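Participant: File name run.pdb; file contents PDB, C-alpha atoms and all ligand atoms; full text below.
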ATOM      1  CA  MET A  20     -22.927 -25.415  42.532  1.00  0.00           C
ATOM      2  CA  LYS A  21     -22.496 -28.021  39.785  1.00  0.00           C
ATOM      3  CA  ASN A  22     -24.370 -25.731  37.409  1.00  0.00           C
ATOM      4  CA  THR A  23     -22.098 -22.848  38.270  1.00  0.00           C
ATOM      5  CA  VAL A  24     -19.014 -24.930  37.548  1.00  0.00           C
ATOM      6  CA  GLN A  25     -20.463 -26.033  34.222  1.00  0.00           C
ATOM      7  CA  THR A  26     -21.347 -22.476  33.340  1.00  0.00           C
ATOM      8  CA  LEU A  27     -17.826 -21.355  34.199  1.00  0.00           C
ATOM      9  CA  LYS A  28     -16.413 -24.167  32.071  1.00  0.00           C
ATOM     10  CA  ARG A  29     -18.615 -23.124  29.182  1.00  0.00           C
ATOM     11  CA  ILE A  30     -17.509 -19.518  29.529  1.00  0.00           C
ATOM     12  CA  ALA A  31     -13.877 -20.643  29.600  1.00  0.00           C
ATOM     13  CA  VAL A  32     -14.385 -22.666  26.415  1.00  0.00           C
ATOM     14  CA  CYS A  33     -16.085 -19.693  24.756  1.00  0.00           C
ATOM     15  CA  VAL A  34     -13.219 -17.395  25.707  1.00  0.00           C
ATOM     16  CA  VAL A  35     -10.656 -19.850  24.328  1.00  0.00           C
ATOM     17  CA  VAL A  36     -12.624 -20.276  21.095  1.00  0.00           C
ATOM     18  CA  ALA A  37     -13.041 -16.518  20.757  1.00  0.00           C
ATOM     19  CA  THR A  38      -9.325 -15.962  21.360  1.00  0.00           C
ATOM     20  CA  ILE A  39      -8.358 -18.596  18.796  1.00  0.00           C
ATOM     21  CA  GLY A  40     -10.808 -17.002  16.368  1.00  0.00           C
ATOM     22  CA  VAL A  41      -9.125 -13.642  16.779  1.00  0.00           C
ATOM     23  CA  THR A  42      -5.649 -15.125  16.390  1.00  0.00           C
ATOM     24  CA  ALA A  43      -6.614 -17.180  13.348  1.00  0.00           C
ATOM     25  CA  THR A  44      -8.003 -14.179  11.518  1.00  0.00           C
ATOM     26  CA  ALA A  45      -5.197 -11.879  12.684  1.00  0.00           C
ATOM     27  CA  SER A  46      -4.884  -9.362   9.900  1.00  0.00           C
ATOM     28  CA  PRO A  47      -3.463  -5.846   9.865  1.00  0.00           C
ATOM     29  CA  GLN A  48      -5.142  -3.499  12.281  1.00  0.00           C
ATOM     30  CA  VAL A  49      -8.286  -1.966  10.807  1.00  0.00           C
ATOM     31  CA  LEU A  50      -8.205   1.770  11.370  1.00  0.00           C
ATOM     32  CA  ALA A  51     -11.171   4.098  11.753  1.00  0.00           C
ATOM     33  CA  PRO A  52     -12.046   5.585   8.327  1.00  0.00           C
ATOM     34  CA  GLU A  53     -10.561   9.062   8.916  1.00  0.00           C
ATOM     35  CA  LYS A  54      -7.313   7.552  10.231  1.00  0.00           C
ATOM     36  CA  ALA A  55      -7.136   5.106   7.344  1.00  0.00           C
ATOM     37  CA  ILE A  56      -7.496   8.018   4.898  1.00  0.00           C
ATOM     38  CA  ARG A  57      -4.652   9.888   6.616  1.00  0.00           C
ATOM     39  CA  ALA A  58      -2.475   6.788   6.633  1.00  0.00           C
ATOM     40  CA  ARG A  59      -2.927   5.966   2.945  1.00  0.00           C
ATOM     41  CA  GLN A  60      -2.524   9.591   1.824  1.00  0.00           C
ATOM     42  CA  ALA A  61       0.692   9.907   3.836  1.00  0.00           C
ATOM     43  CA  ALA A  62       1.896   6.571   2.427  1.00  0.00           C
ATOM     44  CA  TYR A  63       1.180   7.543  -1.181  1.00  0.00           C
ATOM     45  CA  PHE A  64       2.666  10.991  -0.613  1.00  0.00           C
ATOM     46  CA  LEU A  65       5.921   9.368   0.541  1.00  0.00           C
ATOM     47  CA  MET A  66       5.845   7.012  -2.431  1.00  0.00           C
ATOM     48  CA  GLY A  67       5.411  10.010  -4.744  1.00  0.00           C
ATOM     49  CA  MET A  68       8.455  11.634  -3.137  1.00  0.00           C
ATOM     50  CA  GLN A  69      10.594   8.543  -3.723  1.00  0.00           C
ATOM     51  CA  MET A  70       9.484   8.360  -7.353  1.00  0.00           C
ATOM     52  CA  ALA A  71      10.376  12.047  -7.817  1.00  0.00           C
ATOM     53  CA  ARG A  72      13.837  11.452  -6.347  1.00  0.00           C
ATOM     54  CA  ILE A  73      14.442   8.471  -8.603  1.00  0.00           C
ATOM     55  CA  ASN A  74      13.131  10.399 -11.602  1.00  0.00           C
ATOM     56  CA  ALA A  75      15.641  13.196 -10.969  1.00  0.00           C
ATOM     57  CA  THR A  76      18.454  10.672 -11.318  1.00  0.00           C
ATOM     58  CA  VAL A  77      16.873   8.888 -14.276  1.00  0.00           C
ATOM     59  CA  LYS A  78      16.587  12.242 -16.088  1.00  0.00           C
ATOM     60  CA  GLY A  79      20.209  13.033 -15.260  1.00  0.00           C
ATOM     61  CA  ASP A  80      19.471  16.054 -13.045  1.00  0.00           C
ATOM     62  CA  VAL A  81      20.975  14.329 -10.015  1.00  0.00           C
ATOM     63  CA  PRO A  82      24.024  12.031 -10.279  1.00  0.00           C
ATOM     64  CA  PHE A  83      23.470   8.344  -9.508  1.00  0.00           C
ATOM     65  CA  ASP A  84      24.090   7.702  -5.839  1.00  0.00           C
ATOM     66  CA  LYS A  85      23.424   4.092  -5.037  1.00  0.00           C
ATOM     67  CA  SER A  86      22.881   4.404  -1.279  1.00  0.00           C
ATOM     68  CA  THR A  87      20.330   7.229  -1.665  1.00  0.00           C
ATOM     69  CA  MET A  88      18.529   5.349  -4.428  1.00  0.00           C
ATOM     70  CA  GLN A  89      18.471   2.200  -2.333  1.00  0.00           C
ATOM     71  CA  ILE A  90      16.661   4.001   0.478  1.00  0.00           C
ATOM     72  CA  SER A  91      14.078   5.272  -2.016  1.00  0.00           C
ATOM     73  CA  VAL A  92      13.419   1.870  -3.564  1.00  0.00           C
ATOM     74  CA  GLU A  93      13.309   0.128  -0.189  1.00  0.00           C
ATOM     75  CA  ALA A  94      10.717   2.672   0.963  1.00  0.00           C
ATOM     76  CA  LEU A  95       8.735   2.336  -2.256  1.00  0.00           C
ATOM     77  CA  ASP A  96       8.684  -1.435  -1.978  1.00  0.00           C
ATOM     78  CA  LEU A  97       7.773  -1.514   1.709  1.00  0.00           C
ATOM     79  CA  ILE A  98       5.195   1.281   1.737  1.00  0.00           C
ATOM     80  CA  GLY A  99       3.616  -0.064  -1.455  1.00  0.00           C
ATOM     81  CA  ARG A 100       3.000  -3.358   0.293  1.00  0.00           C
ATOM     82  CA  MET A 101       1.509  -1.663   3.375  1.00  0.00           C
ATOM     83  CA  VAL A 102      -0.701   0.997   1.844  1.00  0.00           C
ATOM     84  CA  THR A 103      -3.525  -1.245   0.640  1.00  0.00           C
ATOM     85  CA  ASP A 104      -4.389  -2.183   4.250  1.00  0.00           C
ATOM     86  CA  ASN A 105      -5.800   1.329   4.605  1.00  0.00           C
ATOM     87  CA  PHE A 106      -8.983   1.103   2.557  1.00  0.00           C
ATOM     88  CA  PRO A 107     -11.515  -0.197   5.134  1.00  0.00           C
ATOM     89  CA  PRO A 108     -15.231  -0.009   4.342  1.00  0.00           C
ATOM     90  CA  GLY A 109     -16.577   3.460   5.112  1.00  0.00           C
ATOM     91  CA  SER A 110     -13.359   5.242   4.143  1.00  0.00           C
ATOM     92  CA  ASP A 111     -14.877   6.253   0.805  1.00  0.00           C
ATOM     93  CA  GLN A 112     -16.409   9.168   2.737  1.00  0.00           C
ATOM     94  CA  GLY A 113     -14.411  12.185   3.900  1.00  0.00           C
ATOM     95  CA  THR A 114     -11.460  14.128   2.518  1.00  0.00           C
ATOM     96  CA  THR A 115     -10.361  11.495   0.068  1.00  0.00           C
ATOM     97  CA  LYS A 116      -9.649  11.176  -3.620  1.00  0.00           C
ATOM     98  CA  ALA A 117     -10.306   7.457  -3.578  1.00  0.00           C
ATOM     99  CA  LYS A 118     -13.198   6.778  -5.945  1.00  0.00           C
ATOM    100  CA  PRO A 119     -16.115   4.502  -4.943  1.00  0.00           C
ATOM    101  CA  GLU A 120     -14.752   2.026  -7.541  1.00  0.00           C
ATOM    102  CA  VAL A 121     -12.034   1.055  -5.024  1.00  0.00           C
ATOM    103  CA  TRP A 122     -14.715  -0.844  -3.073  1.00  0.00           C
ATOM    104  CA  LYS A 123     -17.050  -1.656  -6.003  1.00  0.00           C
ATOM    105  CA  GLU A 124     -14.252  -3.186  -8.069  1.00  0.00           C
ATOM    106  CA  ALA A 125     -12.119  -4.434  -5.194  1.00  0.00           C
ATOM    107  CA  PRO A 126     -10.524  -7.395  -7.071  1.00  0.00           C
ATOM    108  CA  ARG A 127      -9.334  -5.109  -9.890  1.00  0.00           C
ATOM    109  CA  PHE A 128      -8.000  -2.584  -7.377  1.00  0.00           C
ATOM    110  CA  LYS A 129      -6.126  -5.350  -5.563  1.00  0.00           C
ATOM    111  CA  GLN A 130      -4.743  -6.681  -8.839  1.00  0.00           C
ATOM    112  CA  LEU A 131      -3.391  -3.272  -9.886  1.00  0.00           C
ATOM    113  CA  ALA A 132      -1.879  -2.857  -6.426  1.00  0.00           C
ATOM    114  CA  LEU A 133      -0.094  -6.215  -6.749  1.00  0.00           C
ATOM    115  CA  GLU A 134       1.129  -5.376 -10.250  1.00  0.00           C
ATOM    116  CA  SER A 135       2.521  -2.083  -8.991  1.00  0.00           C
ATOM    117  CA  GLN A 136       4.238  -3.852  -6.077  1.00  0.00           C
ATOM    118  CA  SER A 137       5.822  -6.261  -8.513  1.00  0.00           C
ATOM    119  CA  GLU A 138       7.145  -3.387 -10.682  1.00  0.00           C
ATOM    120  CA  ALA A 139       8.519  -1.662  -7.573  1.00  0.00           C
ATOM    121  CA  ALA A 140      10.277  -4.906  -6.596  1.00  0.00           C
ATOM    122  CA  LYS A 141      11.893  -5.022 -10.047  1.00  0.00           C
ATOM    123  CA  LEU A 142      12.967  -1.395  -9.678  1.00  0.00           C
ATOM    124  CA  LYS A 143      14.523  -2.267  -6.326  1.00  0.00           C
ATOM    125  CA  ALA A 144      16.414  -5.153  -7.909  1.00  0.00           C
ATOM    126  CA  ALA A 145      17.574  -2.886 -10.743  1.00  0.00           C
ATOM    127  CA  VAL A 146      18.942  -0.312  -8.298  1.00  0.00           C
ATOM    128  CA  HIS A 147      20.749  -3.030  -6.345  1.00  0.00           C
ATOM    129  CA  ALA A 148      22.310  -4.253  -9.593  1.00  0.00           C
ATOM    130  CA  GLY A 149      23.237  -0.660 -10.436  1.00  0.00           C
ATOM    131  CA  ASP A 150      22.743  -0.679 -14.209  1.00  0.00           C
ATOM    132  CA  MET A 151      21.293   2.672 -15.289  1.00  0.00           C
ATOM    133  CA  SER A 152      19.459   1.512 -18.421  1.00  0.00           C
ATOM    134  CA  THR A 153      17.700  -1.258 -16.440  1.00  0.00           C
ATOM    135  CA  ILE A 154      16.844   1.258 -13.719  1.00  0.00           C
ATOM    136  CA  LYS A 155      15.358   3.614 -16.319  1.00  0.00           C
ATOM    137  CA  ALA A 156      13.169   0.888 -17.818  1.00  0.00           C
ATOM    138  CA  ALA A 157      12.028  -0.319 -14.387  1.00  0.00           C
ATOM    139  CA  TYR A 158      11.310   3.246 -13.283  1.00  0.00           C
ATOM    140  CA  GLY A 159       9.133   3.747 -16.388  1.00  0.00           C
ATOM    141  CA  ALA A 160       7.216   0.535 -15.750  1.00  0.00           C
ATOM    142  CA  THR A 161       6.675   1.420 -12.076  1.00  0.00           C
ATOM    143  CA  SER A 162       5.452   4.887 -12.968  1.00  0.00           C
ATOM    144  CA  LYS A 163       3.000   3.388 -15.470  1.00  0.00           C
ATOM    145  CA  SER A 164       1.708   1.002 -12.809  1.00  0.00           C
ATOM    146  CA  CYS A 165       0.928   3.943 -10.487  1.00  0.00           C
ATOM    147  CA  LYS A 166      -0.925   5.726 -13.280  1.00  0.00           C
ATOM    148  CA  ALA A 167      -2.852   2.589 -14.263  1.00  0.00           C
ATOM    149  CA  CYS A 168      -4.493   2.558 -10.847  1.00  0.00           C
ATOM    150  CA  HIS A 169      -4.949   6.330 -10.584  1.00  0.00           C
ATOM    151  CA  ASP A 170      -6.750   6.433 -13.958  1.00  0.00           C
ATOM    152  CA  THR A 171      -9.581   4.302 -12.577  1.00  0.00           C
ATOM    153  CA  PHE A 172      -9.446   4.608  -8.820  1.00  0.00           C
ATOM    154  CA  LYS A 173      -8.224   8.108  -7.919  1.00  0.00           C
ATOM    155  CA  ALA A 174     -10.072  11.373  -8.494  1.00  0.00           C
ATOM    156  CA  GLN A 175      -7.962  14.133 -10.063  1.00  0.00           C
TER     157      GLN A 175
HETATM  158  C1  LIG B   1      -3.952   0.161  -6.573  1.00  0.00           C
HETATM  159  C2  LIG B   1      -4.128   1.566  -6.761  1.00  0.00           C
HETATM  160  C3  LIG B   1      -2.993   2.531  -6.640  1.00  0.00           C
HETATM  161  C4  LIG B   1      -1.667   2.341  -6.982  1.00  0.00           C
HETATM  162  C5  LIG B   1      -1.014   1.116  -7.592  1.00  0.00           C
HETATM  163  C6  LIG B   1      -0.996   3.586  -6.682  1.00  0.00           C
HETATM  164  N1  LIG B   1      -1.883   4.492  -6.178  1.00  0.00           N
HETATM  165 FE1  LIG B   1      -1.444   6.408  -5.680  1.00  0.00          FE
HETATM  166  N2  LIG B   1      -3.341   6.650  -4.988  1.00  0.00           N
HETATM  167  C7  LIG B   1      -4.357   5.731  -5.093  1.00  0.00           C
HETATM  168  C8  LIG B   1      -5.565   6.250  -4.485  1.00  0.00           C
HETATM  169  C9  LIG B   1      -6.906   5.547  -4.394  1.00  0.00           C
HETATM  170  C10 LIG B   1      -5.243   7.526  -3.994  1.00  0.00           C
HETATM  171  C11 LIG B   1      -6.158   8.496  -3.233  1.00  0.00           C
HETATM  172  C12 LIG B   1      -6.041   8.249  -1.734  1.00  0.00           C
HETATM  173  C13 LIG B   1      -6.960   9.144  -0.916  1.00  0.00           C
HETATM  174  O1  LIG B   1      -7.061  10.366  -1.195  1.00  0.00           O
HETATM  175  O2  LIG B   1      -7.581   8.611   0.025  1.00  0.00           O
HETATM  176  C14 LIG B   1      -3.834   7.747  -4.339  1.00  0.00           C
HETATM  177  C15 LIG B   1      -3.134   8.913  -4.043  1.00  0.00           C
HETATM  178  C16 LIG B   1      -1.826   9.164  -4.411  1.00  0.00           C
HETATM  179  C17 LIG B   1      -1.110  10.401  -4.152  1.00  0.00           C
HETATM  180  C18 LIG B   1      -1.673  11.635  -3.447  1.00  0.00           C
HETATM  181  C19 LIG B   1      -1.373  11.503  -1.949  1.00  0.00           C
HETATM  182  C20 LIG B   1      -1.863  12.700  -1.130  1.00  0.00           C
HETATM  183  O3  LIG B   1      -1.050  13.610  -0.874  1.00  0.00           O
HETATM  184  O4  LIG B   1      -3.054  12.716  -0.738  1.00  0.00           O
HETATM  185  C21 LIG B   1       0.158  10.249  -4.650  1.00  0.00           C
HETATM  186  C22 LIG B   1       1.302  11.264  -4.609  1.00  0.00           C
HETATM  187  C23 LIG B   1       0.236   8.906  -5.192  1.00  0.00           C
HETATM  188  N3  LIG B   1      -0.984   8.282  -5.036  1.00  0.00           N
HETATM  189  C24 LIG B   1       1.383   8.363  -5.747  1.00  0.00           C
HETATM  190  C25 LIG B   1       1.484   7.038  -6.169  1.00  0.00           C
HETATM  191  C26 LIG B   1       2.700   6.458  -6.681  1.00  0.00           C
HETATM  192  C27 LIG B   1       4.023   7.174  -6.829  1.00  0.00           C
HETATM  193  C28 LIG B   1       2.404   5.167  -7.000  1.00  0.00           C
HETATM  194  C29 LIG B   1       3.281   4.114  -7.588  1.00  0.00           C
HETATM  195  C30 LIG B   1       4.597   3.909  -7.068  1.00  0.00           C
HETATM  196  C31 LIG B   1       1.000   4.960  -6.669  1.00  0.00           C
HETATM  197  N4  LIG B   1       0.486   6.117  -6.175  1.00  0.00           N
HETATM  198  C32 LIG B   1       0.354   3.763  -6.867  1.00  0.00           C
HETATM  199  C33 LIG B   1      -4.269   4.500  -5.688  1.00  0.00           C
HETATM  200  C34 LIG B   1      -3.108   3.901  -6.142  1.00  0.00           C
END
Before anything else, please render the file you have as C-alpha cells.
Facilitator:
Amino acid sequence: MKNTVQTLKRIAVCVVVATIGVTATASPQVLAPEKAIRARQAAYFLMGMQMARINATVKGDVPFDKSTMQISVEALDLIGRMVTDNFPPGSDQGTTKAKPEVWKEAPRFKQLALESQSEAAKLKAAVHAGDMSTIKAAYGATSKSCKACHDTFKAQ
C-alpha cells in the first residue's frame, strides 16, 4: 500500500513537472507540414494584396484614403509577425516555393523576416502620420525587404 502511494505521488510529481515544462516552452502551435504550407502561403498572399493596394495609392491610381490604408498596414504588420511561425521542420516538402535554404540558413531567414517586419512597422507609422512622401519611401523600403528574402529563400 505504501509503495502504491509513493508511486502515485511520483506520478503526480511527473505530471506537474511535465505540465510546467509544456507551459514554460509554450510557443505558437506547430502545424503539420501541409497545413503550415497552406497557412504561410495564405498569409503571404494576403500580404501581397495589401502591398498591391498601397502601391495603387503610392502610384496615384487610387486616391489616398487613410482608413483603407490603415487596414492594409495593420494587416501587413500583424500577418508579417505571424507568418514565420509556419515553417516547421518537414515543411520543405510538398507544394511549396520555400527553398531548402529557409531551414539551412535559418538565422539569416529570421533576420530578413525581422527586417521586413521593422520596415512594415515604419510603413504603418507613416500611414498613421498621413504624409504621402514618407509613405512612398516606407512603401519602397518595405517592398525591398520582401524582395530581399524572396531572392534567397523563395523559388520563382
Ligand atoms: C523572411 C522571408 C520572407 C519575407 C520577408 C517575405 N516573404 Fe514572401 N515568401 C517567402 C517564402 C519562403 C515564400 C514561399 C512560401 C511557400 O510557398 O511555402 C513566400 C511567398 C510569397 C508569396 C506567394 C504566396 C502564394 O500565393 O503562395 C507572396 C505574394 C509573397 N511572398 C509576398 C510577400 C510580401 C508582400 C512581403 C513583404 C511585405 C513578403 N512576401 C516578405 C519568404 C518571405
Participant: Sort by chain and increasing residue number a table of all residues of chain A within 9 Å of ligand LIG 1 (chain B), each with its closest pair of atoms and their distance in Å to one decimal, counting only C-alpha atoms and all ligand atoms, and write it as CSV.
Facilitator:
residue,atom,partner,partner_atom,distance
A:Ala55,CA,B:LIG1,O2,8.1
A:Ile56,CA,B:LIG1,O2,4.9
A:Arg57,CA,B:LIG1,O2,7.3
A:Ala58,CA,B:LIG1,O2,8.5
A:Arg59,CA,B:LIG1,C12,6.1
A:Gln60,CA,B:LIG1,O4,4.1
A:Ala61,CA,B:LIG1,O3,6.2
A:Ala62,CA,B:LIG1,C19,7.4
A:Tyr63,CA,B:LIG1,C23,4.3
A:Phe64,CA,B:LIG1,C22,4.2
A:Leu65,CA,B:LIG1,C22,7.2
A:Met66,CA,B:LIG1,C27,4.8
A:Gly67,CA,B:LIG1,C27,3.8
A:Met68,CA,B:LIG1,C27,7.3
A:Gln69,CA,B:LIG1,C27,7.4
A:Met70,CA,B:LIG1,C27,5.6
A:Ala71,CA,B:LIG1,C27,8.1
A:Leu95,CA,B:LIG1,C30,6.5
A:Asp96,CA,B:LIG1,C30,8.4
A:Gly99,CA,B:LIG1,C30,6.9
A:Val102,CA,B:LIG1,N1,8.8
A:Thr103,CA,B:LIG1,C1,7.4
A:Asn105,CA,B:LIG1,O2,8.8
A:Phe106,CA,B:LIG1,O2,8.0
A:Ser110,CA,B:LIG1,O2,7.9
A:Asp111,CA,B:LIG1,O2,7.7
A:Gly113,CA,B:LIG1,O2,8.6
A:Thr114,CA,B:LIG1,O1,6.9
A:Thr115,CA,B:LIG1,O1,3.7
A:Lys116,CA,B:LIG1,O1,3.6
A:Ala117,CA,B:LIG1,C9,4.0
A:Lys118,CA,B:LIG1,C9,6.6
A:Val121,CA,B:LIG1,C9,6.8
A:Arg127,CA,B:LIG1,C1,8.2
A:Phe128,CA,B:LIG1,C1,5.0
A:Lys129,CA,B:LIG1,C1,6.0
A:Gln130,CA,B:LIG1,C1,7.3
A:Leu131,CA,B:LIG1,C1,4.8
A:Ala132,CA,B:LIG1,C1,3.7
A:Leu133,CA,B:LIG1,C5,7.4
A:Glu134,CA,B:LIG1,C5,7.3
A:Ser135,CA,B:LIG1,C5,5.0
A:Gln136,CA,B:LIG1,C5,7.4
A:Glu138,CA,B:LIG1,C30,8.5
A:Ala139,CA,B:LIG1,C30,6.8
A:Thr161,CA,B:LIG1,C30,6.0
A:Ser162,CA,B:LIG1,C29,5.9
A:Lys163,CA,B:LIG1,C29,7.9
A:Ser164,CA,B:LIG1,C5,5.9
A:Cys165,CA,B:LIG1,C32,3.7
A:Lys166,CA,B:LIG1,C32,6.8
A:Ala167,CA,B:LIG1,C5,7.1
A:Cys168,CA,B:LIG1,C2,4.2
A:His169,CA,B:LIG1,C33,5.3
A:Asp170,CA,B:LIG1,C33,8.8
A:Thr171,CA,B:LIG1,C2,8.4
A:Phe172,CA,B:LIG1,C9,5.2
A:Lys173,CA,B:LIG1,C9,4.6
A:Ala174,CA,B:LIG1,C11,7.2
Participant: Which of these residues is nearest to Ala75 (chain A), using only C-alpha atoms: A:Met88, A:Ala157, A:Ile98, A:Pro107?
Facilitator: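 So, comparing all the options, the nearest one is A:Met88.
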Participant: Using only C-alpha atoms, which residue out of A:Lys123, A:Lys78, A:Arg72, A:Arg100 lies closest to Ala156 (chain A)?
Facilitator: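 Ranking A:Lys123, A:Lys78, A:Arg72, A:Arg100 by distance to Ala156 (chain A), first place goes to A:Lys78.
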Participant: Quick one: everything within 10 Å of Gly109 (chain A), counting all atoms listed in the file, minus sequence neighbours fewer than 6 positions away in the same chain. Send it as a list in words.
Facilitator: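 Final neighbour list, sorted by chain and number: Ala51, Pro52, Glu53, Ala55 and Trp122 of chain A.
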Participant: Would you mind exporting the chosen residues as a CSV table (one decimal), in the frame of the given file, restricted to C-alpha atoms?
Facilitator:
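This is the output file out-v2.csv:
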chain,number,residue,atom,x,y,z
A,51,ALA,CA,-11.2,4.1,11.8
A,52,PRO,CA,-12.0,5.6,8.3
A,53,GLU,CA,-10.6,9.1,8.9
A,55,ALA,CA,-7.1,5.1,7.3
A,122,TRP,CA,-14.7,-0.8,-3.1
Participant: To one decimal place in Å, what is the distance between CA of Glu93 (chain A) and CA of Ala140 (chain A)?
Facilitator: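 These atoms are spaced 8.7 Å apart.
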Participant: To test your reading of the syntax: which residues would the PyMOL selection byres (((chain A and resi 146-155) around 9) and not hetatm) return for the file shown? Reply as a VMD selection string.
Facilitator: chain A and resid 74 77 to 78 83 85 88 to 89 92 141 to 145 156 to 160
Participant: So, with only C-alpha atoms as the atoms that count, which of A:Ala125, A:Pro82, A:Pro119, A:Gln48 lies closest to Met101 (chain A)?
Facilitator: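 Smallest distance to Met101 (chain A) is found for A:Gln48.
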Participant: Could you state the separation of CA of Pro126 (chain A) and CA of Ser91 (chain A) in Å, given to one decimal place?
Facilitator: 28.1 Å
Participant: Suppose you want the space between CA of Leu50 (chain A) and CA of Leu97 (chain A); what is it in Å?
Facilitator: 19.0 Å
